[in-house]
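S.K.: So I've got this file, entry-v6.cif, and it contains mmCIF, C-alpha atoms:
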```cif
data_model
#
loop_
_atom_site.label_atom_id
_atom_site.label_comp_id
_atom_site.auth_asym_id
_atom_site.auth_seq_id
_atom_site.Cartn_x
_atom_site.Cartn_y
_atom_site.Cartn_z
CA MET S 152 47.10 -12.07 -0.02
CA ASN S 153 44.40 -14.49 -1.11
CA TYR S 154 40.72 -15.34 -0.97
CA GLU S 155 41.18 -18.14 1.57
CA ALA S 156 42.70 -15.74 4.10
CA LEU S 157 39.65 -13.47 3.82
CA VAL S 158 37.25 -16.38 4.31
CA THR S 159 39.20 -17.53 7.37
CA GLN S 160 39.04 -14.02 8.81
CA ILE S 161 35.25 -13.96 8.36
CA GLU S 162 34.81 -17.39 9.93
CA CYS S 163 36.71 -16.18 13.01
CA LEU S 164 34.54 -13.10 13.50
CA PRO S 165 32.41 -13.01 16.65
CA PRO S 166 28.64 -12.47 16.52
CA LEU S 167 27.31 -8.95 16.21
CA LEU S 168 26.47 -7.03 19.37
CA ASP S 169 23.65 -8.49 21.48
CA THR S 170 21.30 -5.62 20.62
CA ALA S 171 21.99 -6.03 16.91
CA GLN S 172 21.15 -9.73 17.15
CA ILE S 173 17.87 -8.93 18.93
CA VAL S 174 17.01 -6.35 16.28
CA GLN S 175 17.93 -8.81 13.53
CA THR S 176 15.54 -11.37 15.05
CA LEU S 177 12.75 -8.81 14.96
CA TYR S 178 13.32 -8.46 11.20
CA ALA S 179 13.28 -12.19 10.57
CA GLU S 180 9.80 -12.08 9.02
CA GLY S 181 10.34 -8.90 7.03
CA ALA S 182 10.61 -5.20 7.84
CA GLN S 183 6.88 -4.72 7.34
CA ASN S 184 6.17 -7.13 10.20
CA VAL S 185 8.55 -5.63 12.75
CA ASP S 186 7.07 -4.92 16.18
CA ILE S 187 8.00 -1.25 16.46
CA VAL S 188 7.54 -1.11 20.23
CA ARG S 189 9.95 -4.02 20.74
CA LEU S 190 12.38 -2.50 18.23
CA VAL S 191 12.48 0.81 20.09
CA ARG S 192 12.88 -0.94 23.45
CA ALA S 193 15.74 -3.08 22.13
CA ILE S 194 17.67 -0.07 20.85
CA GLU S 195 16.96 2.03 23.93
CA SER S 196 18.28 -0.79 26.14
CA ASP S 197 21.74 -0.02 24.73
CA ALA S 198 22.37 3.61 25.65
CA LEU S 199 25.54 3.91 23.54
CA LEU S 200 23.86 2.44 20.47
CA ALA S 201 20.82 4.70 20.88
CA ALA S 202 23.03 7.77 21.25
CA ASN S 203 25.04 6.89 18.15
CA ILE S 204 21.92 6.31 16.06
CA LEU S 205 20.49 9.68 17.08
CA ARG S 206 23.83 11.32 16.34
CA MET S 207 23.93 9.80 12.85
CA ILE S 208 20.32 10.63 12.07
CA ASN S 209 20.71 14.24 13.19
CA SER S 210 23.51 14.80 10.69
CA PRO S 211 22.58 17.62 8.26
CA LEU S 212 23.26 15.08 5.52
CA TYR S 213 19.82 13.56 6.12
CA GLY S 214 18.15 16.93 5.69
CA PHE S 215 15.80 17.04 8.68
CA SER S 216 14.95 20.56 9.74
CA LYS S 217 14.17 19.61 13.36
CA GLN S 218 16.25 17.76 15.92
CA ILE S 219 15.28 14.10 16.36
CA THR S 220 15.38 13.46 20.09
CA SER S 221 14.18 9.87 20.54
CA VAL S 222 14.56 6.43 19.00
CA ALA S 223 10.78 6.23 18.55
CA GLN S 224 10.83 9.47 16.57
CA ALA S 225 13.72 8.15 14.47
CA VAL S 226 11.82 4.96 13.61
CA THR S 227 8.72 6.97 12.69
CA LEU S 228 10.61 9.36 10.41
CA PHE S 229 13.17 6.96 8.92
CA GLY S 230 11.23 3.72 8.85
CA THR S 231 12.21 0.37 10.31
CA GLN S 232 14.48 -0.64 7.43
CA MET S 233 16.76 2.38 7.69
CA VAL S 234 16.99 2.08 11.47
CA PHE S 235 17.99 -1.56 10.98
CA GLY S 236 20.78 -0.40 8.65
CA LEU S 237 22.04 2.08 11.24
CA VAL S 238 22.06 -0.57 13.98
CA VAL S 239 24.00 -2.97 11.74
CA ARG S 240 26.43 -0.26 10.59
CA TYR S 241 27.30 0.59 14.20
CA SER S 242 27.58 -3.06 15.19
CA ILE S 243 29.85 -3.96 12.27
CA ASN S 244 32.18 -1.07 13.11
CA SER S 245 32.34 -2.38 16.67
CA VAL S 246 33.13 -5.96 15.64
CA ILE S 247 35.56 -5.36 12.76
CA ILE S 248 38.25 -2.98 13.91
CA ALA S 249 40.24 -2.00 10.83
CA ASN S 250 42.35 0.90 9.64
CA LEU S 251 41.23 2.08 6.18
CA ARG S 252 44.68 3.40 5.23
CA PRO S 253 45.03 0.80 2.44
CA TYR S 254 42.13 2.55 0.70
CA GLY S 255 43.64 5.98 1.24
CA ALA S 256 40.88 6.95 3.66
CA SER S 257 40.47 7.62 7.35
CA ASN S 258 37.78 5.67 9.19
CA GLU S 259 35.80 8.89 9.46
CA LEU S 260 35.96 9.42 5.69
CA PHE S 261 34.95 5.81 5.08
CA ASN S 262 31.88 6.19 7.30
CA GLU S 263 31.03 9.44 5.52
CA MET S 264 31.20 7.58 2.20
CA CYS S 265 28.83 4.87 3.45
CA HIS S 266 26.30 7.45 4.62
CA LEU S 267 26.58 9.37 1.36
CA GLN S 268 25.85 6.22 -0.63
CA SER S 269 22.79 5.53 1.50
CA VAL S 270 21.49 9.10 1.34
CA LEU S 271 22.06 9.30 -2.41
CA ILE S 272 20.16 6.13 -3.21
CA HIS S 273 17.27 7.28 -1.03
CA GLU S 274 17.25 10.77 -2.54
CA TRP S 275 17.40 9.45 -6.09
CA TYR S 276 15.60 6.10 -6.12
CA SER S 277 12.64 7.28 -4.06
CA ARG S 278 11.69 9.11 -7.26
CA VAL S 279 12.12 5.96 -9.33
CA HIS S 280 10.64 3.18 -7.19
CA LEU S 281 9.83 4.06 -3.58
CA GLU S 282 9.51 0.49 -2.31
CA TYR S 283 12.85 -0.49 -3.82
CA ALA S 284 14.45 2.66 -2.41
CA GLN S 285 13.30 1.72 1.09
CA PHE S 286 14.93 -1.70 0.68
CA LEU S 287 18.15 -0.38 -0.87
CA THR S 288 18.80 2.54 1.48
CA PRO S 289 20.01 0.41 4.44
CA LEU S 290 21.85 -1.98 2.12
CA ALA S 291 23.80 0.92 0.60
CA LEU S 292 24.79 1.96 4.12
CA ILE S 293 26.49 -1.38 4.85
CA MET S 294 27.45 -2.78 1.42
CA GLU S 295 31.07 -1.56 1.72
CA SER S 296 31.68 -3.63 4.87
CA GLY S 297 33.86 -6.06 2.95
CA LYS S 298 36.48 -3.33 2.63
CA LEU S 299 36.97 -3.51 6.39
CA VAL S 300 37.90 -7.18 6.00
CA PHE S 301 40.23 -6.37 3.10
CA ALA S 302 41.88 -3.50 5.00
CA LYS S 303 42.45 -5.69 8.05
CA GLU S 304 44.09 -8.43 5.98
CA ILE S 305 46.25 -5.95 4.05
CA THR S 306 47.41 -4.42 7.33
CA ASN S 307 48.16 -7.87 8.79
CA GLN S 308 50.24 -8.70 5.70
CA GLY S 309 52.15 -5.41 5.93
CA THR S 310 51.33 -4.42 2.36
CA ILE S 311 49.50 -1.13 2.91
CA LYS S 312 51.80 0.95 0.69
CA GLU S 313 51.80 -1.64 -2.07
CA PHE S 314 48.01 -1.93 -2.14
CA SER S 315 47.26 1.80 -1.83
CA SER S 316 49.79 2.65 -4.54
CA GLY S 317 48.18 0.22 -6.95
CA LEU S 318 44.70 1.44 -6.07
CA LYS S 319 45.63 5.04 -6.96
CA THR S 320 46.49 4.07 -10.53
CA SER S 321 43.62 1.61 -11.00
CA ALA S 322 40.59 2.74 -12.97
CA ASN S 323 38.24 0.23 -11.32
CA ILE S 324 38.31 -0.51 -7.58
CA SER S 325 36.55 -3.89 -7.80
CA LEU S 326 38.81 -5.13 -10.61
CA TYR S 327 41.88 -4.09 -8.62
CA GLU S 328 40.57 -5.91 -5.53
CA ASN S 329 39.91 -8.98 -7.67
CA ASP S 330 43.41 -8.90 -9.14
CA THR S 331 44.83 -8.67 -5.60
CA PHE S 332 42.59 -11.07 -3.68
CA GLY S 333 40.75 -13.09 -6.29
CA THR S 334 37.45 -11.48 -5.28
CA SER S 335 35.86 -8.09 -4.70
CA SER S 336 34.96 -6.45 -1.39
CA TYR S 337 31.25 -6.60 -2.31
CA TYR S 338 31.40 -10.37 -2.62
CA ILE S 339 33.15 -10.44 0.76
CA SER S 340 30.32 -8.27 2.14
CA GLY S 341 27.95 -10.96 0.90
CA LEU S 342 29.96 -13.62 2.75
CA LEU S 343 29.96 -11.44 5.87
CA PHE S 344 26.19 -11.11 5.82
CA GLU S 345 25.85 -14.82 5.16
CA HIS S 346 28.07 -15.48 8.21
CA TRP S 347 25.78 -13.31 10.34
CA ASN S 348 22.57 -14.78 8.86
CA PHE S 349 21.37 -11.53 7.30
CA ASN S 350 18.58 -11.26 4.75
CA SER S 351 19.44 -13.80 2.02
CA LEU S 352 18.46 -11.25 -0.63
CA TYR S 353 21.21 -8.92 0.64
CA VAL S 354 23.66 -11.80 0.26
CA ASP S 355 22.51 -12.64 -3.28
CA ILE S 356 22.69 -9.01 -4.42
CA LEU S 357 26.20 -8.42 -3.11
CA LYS S 358 27.55 -11.71 -4.45
CA SER S 359 26.09 -10.87 -7.86
CA LEU S 360 27.20 -7.23 -7.95
CA ASP S 361 30.53 -7.97 -9.64
CA TYR S 362 30.25 -11.58 -10.77
CA GLU S 363 27.19 -13.76 -10.99
CA GLN S 364 24.29 -13.15 -13.32
CA PRO S 365 21.28 -12.17 -11.17
CA ASN S 366 18.56 -14.81 -11.05
CA SER S 367 15.67 -12.34 -11.14
CA LEU S 368 14.76 -9.03 -12.74
CA GLU S 369 14.24 -7.57 -9.27
CA ILE S 370 17.83 -8.36 -8.23
CA ALA S 371 19.07 -7.01 -11.58
CA GLU S 372 17.33 -3.71 -10.87
CA TYR S 373 18.79 -3.56 -7.36
CA ILE S 374 22.26 -4.19 -8.78
CA ASP S 375 21.88 -1.48 -11.40
CA ALA S 376 20.89 1.06 -8.74
CA LEU S 377 23.80 0.13 -6.45
CA ASP S 378 26.20 0.26 -9.39
CA VAL S 379 25.15 3.85 -10.08
CA VAL S 380 25.61 4.85 -6.45
CA ARG S 381 29.02 3.19 -5.98
CA THR S 382 30.20 4.91 -9.18
CA ALA S 383 29.12 8.32 -7.91
CA VAL S 384 30.38 7.74 -4.35
CA ASN S 385 33.42 5.59 -3.59
CA VAL S 386 36.73 5.70 -1.73
CA LYS S 387 38.44 7.48 -4.62
CA GLU S 388 35.71 9.97 -5.57
CA MET S 389 32.73 11.21 -3.58
CA LEU S 390 30.25 13.09 -5.76
CA THR S 391 32.86 14.80 -7.90
CA GLU S 392 31.86 16.18 -11.29
CA ALA S 393 33.62 13.25 -12.92
CA SER S 394 32.02 10.57 -10.74
CA ILE S 395 28.52 12.04 -11.17
CA LYS S 396 29.09 12.11 -14.93
CA ASP S 397 30.25 8.46 -14.96
CA ALA S 398 27.25 7.45 -12.84
CA SER S 399 24.93 9.37 -15.17
CA ILE S 400 26.16 7.27 -18.11
CA ILE S 401 25.04 4.14 -16.26
CA VAL S 402 21.68 5.76 -15.43
CA GLU S 403 21.14 6.43 -19.13
CA GLU S 404 22.20 2.89 -20.08
CA ILE S 405 19.60 1.37 -17.75
CA GLY S 406 16.88 3.60 -19.17
CA LEU S 407 16.26 5.95 -16.25
CA ASP S 408 15.95 9.74 -16.20
CA VAL S 409 19.46 11.20 -15.99
CA GLU S 410 18.27 14.63 -14.84
CA VAL S 411 16.43 13.13 -11.86
CA PHE S 412 19.65 11.43 -10.80
CA VAL S 413 21.88 14.46 -11.36
CA GLN S 414 19.62 16.74 -9.36
CA ALA S 415 19.51 14.23 -6.50
CA ALA S 416 23.30 13.94 -6.55
CA LYS S 417 23.69 17.71 -6.50
CA ARG S 418 21.34 18.05 -3.53
CA VAL S 419 23.25 15.44 -1.54
CA LYS S 420 26.58 16.97 -2.56
CA SER S 421 25.45 20.44 -1.45
CA ARG S 422 24.35 19.18 1.97
CA ASN S 423 27.62 17.32 2.43
CA GLU S 424 29.70 20.35 1.47
CA LYS S 425 27.90 22.44 4.08
CA ILE S 426 28.82 19.87 6.73
CA ASN S 427 32.48 19.89 5.75
CA ARG S 428 32.96 23.66 5.58
#
```
Please, can you express the file's structure as structure tokens?

M.R.:
Amino acid sequence: MNYEALVTQIECLPPLLDTAQIVQTLYAEGAQNVDIVRLVRAIESDALLAANILRMINSPLYGFSKQITSVAQAVTLFGTQMVFGLVVRYSINSVIIANLRPYGASNELFNEMCHLQSVLIHEWYSRVHLEYAQFLTPLALIMESGKLVFAKEITNQGTIKEFSSGLKTSANISLYENDTFGTSSYYISGLLFEHWNFNSLYVDILKSLDYEQPNSLEIAEYIDALDVVRTAVNVKEMLTEASIKDASIIVEEIGLDVEVFVQAAKRVKSRNEKINR
């Protein structure tokens, strides 16, 4: 297993779904400039995509008290950036078909993790910096996409048991990935988004998350927030007492209010537990 094999796999990936490409074009000049009417029409033109977005949004995890019945309503309540994240999440899952067994997770559990990360960063960071939270919420939803590439390669190599066994005893997921592949899944997510011509800031953040020194204070703040969230919610622990505690240590180190984070994590955890009862 090596880095070159992962890059080759990415280079061979087809484009995202047609609707996702249309939506991506609408975001080319920034989320604040998106033509909402065209966005709604583009999503509604794909009945399966629209149905899946409404299904995801109506999950109790997002905490809406009333049923959201239309794409237009979803855009109004969630904002254009989050709807973009949902479109991309669905499209990526359609393009990269991978079994998450190497990470000790079902595909359903993996998707739950991605949504938990997104909900947590929105619940927490909206109370720290609302504008940054709006930018980070969709990124948190799709930042684990590189693990799909890893899982596919591990499966192709027939080393599922070897990888999953090592992961269980590893204290740090990214370090274990790096020891195995020479890179982390977040860096691979950055390469994925570069391949699909996503927002270059997304690419820079994900490539810097485990390796490069960020070239701006803004990116550094984004990285700190994502580091907190991936510590609290990951394939090994999803909002456990231990993972919340570890994430809280990072929150304190970066000078933010620990109690604000802990309360947000507890709210998200409570909603998720109700779903899984």

S.K.: At a cut-off of 12 Å from (5.1, -4.5, 5.4) in the coordinates of the file, what residues are picked up using all atoms listed in the file, written as a list in words?

M.R.: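 Residues with an atom at most 12 Å from (5.1, -4.5, 5.4): Tyr178, Glu180, Gly181, Ala182, Gln183, Asn184, Val185, Asp186, Ile187, Gly230, Thr231, Gln232, Glu282, Gln285 and Phe286 of chain S.
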
S.K.: In terms of the shortest atom-to-atom distance over only C-alpha atoms, which of S:Ile311, S:Leu360, S:Val279, S:Ala256 is closest to Val402 of chain S?

M.R.: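 Distance minimum relative to Val402 of chain S lands on S:Val279.
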
S.K.: Could you spell out the hits of the PyMOL selection byres ((chain S and resi 395) around 9) on the shown file, as a short mmCIF file (atom, residue, chain, number, x, y, z; two decimals) with C-alpha atoms, in the coordinates of the input?

M.R.:
```
data_model
loop_
_atom_site.label_atom_id
_atom_site.label_comp_id
_atom_site.auth_asym_id
_atom_site.auth_seq_id
_atom_site.Cartn_x
_atom_site.Cartn_y
_atom_site.Cartn_z
CA VAL S 379 25.15 3.85 -10.08
CA THR S 382 30.20 4.91 -9.18
CA ALA S 383 29.12 8.32 -7.91
CA VAL S 384 30.38 7.74 -4.35
CA MET S 389 32.73 11.21 -3.58
CA LEU S 390 30.25 13.09 -5.76
CA THR S 391 32.86 14.80 -7.90
CA GLU S 392 31.86 16.18 -11.29
CA ALA S 393 33.62 13.25 -12.92
CA SER S 394 32.02 10.57 -10.74
CA LYS S 396 29.09 12.11 -14.93
CA ASP S 397 30.25 8.46 -14.96
CA ALA S 398 27.25 7.45 -12.84
CA SER S 399 24.93 9.37 -15.17
CA ILE S 400 26.16 7.27 -18.11
CA PHE S 412 19.65 11.43 -10.80
CA VAL S 413 21.88 14.46 -11.36
CA ALA S 416 23.30 13.94 -6.55
CA LYS S 417 23.69 17.71 -6.50
#
```

S.K.: Atom CA of Pro289 of chain S to atom CA of Met233 of chain S: how many Å, to one decimal?

M.R.: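 Distance between the two atoms: 5.0 Å.
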
S.K.: May I have the residues at most 12 Å from (49.9, 4.2, 0.0) in the file's coordinates, counting all atoms listed in the file, as number ranges by chain?

M.R.: S: 251-256, 305-306, 309-320

S.K.: Could you write out as a ChimeraX atom specification the residues that the PyMOL selection byres ((chain S and resi 332) around 6) matches in the shown file?

M.R.: /S:152-154,328-331,333-334

S.K.: Need the shell around Ser296 of chain S: protein/DNA/RNA residues with any atom at most 8 Å away, counting only C-alpha atoms. Skip same-chain ones fewer than 3 positions apart. Format as a PyMOL selection string?

M.R.: chain S and resi 243+293+299-300+336-337+340

S.K.: From the options S:Trp275, S:Tyr327, S:Ala322, S:Pro365, which residue's atoms come nearest to Asp408 of chain S, counting only C-alpha atoms?

M.R.: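 The answer is S:Trp275, which sits nearest to Asp408 of chain S.
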
S.K.: Within 10 Å of segment 190-210 of chain S, which residues of segment 241-309 of chain S show up? Give each one with its shortest atom-to-atom distance in Å (one decimal) and the two atoms involved, counting only C-alpha atoms, rows by chain then rising residue number, as CSV.

M.R.:
```
residue,atom,partner,partner_atom,distance
S:Tyr241,CA,S:Leu200,CA,7.4
S:Ser242,CA,S:Leu200,CA,8.5
S:His266,CA,S:Met207,CA,8.9
```

S.K.: So, with all atoms listed in the file as the atoms that count, which of S:Leu352, S:Val380, S:Leu342, S:Val222 lies closest to Ser367 of chain S?

M.R.: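 Once distances to Ser367 of chain S are computed over all atoms listed in the file, the minimum belongs to S:Leu352.
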
S.K.: Choose the residue, out of S:Asn427, S:Thr220, S:Gln160, S:Gln414, that has the smallest atom-to-atom separation from Leu343 of chain S; count all atoms listed in the file.

M.R.: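 The closest residue to Leu343 of chain S is S:Gln160.
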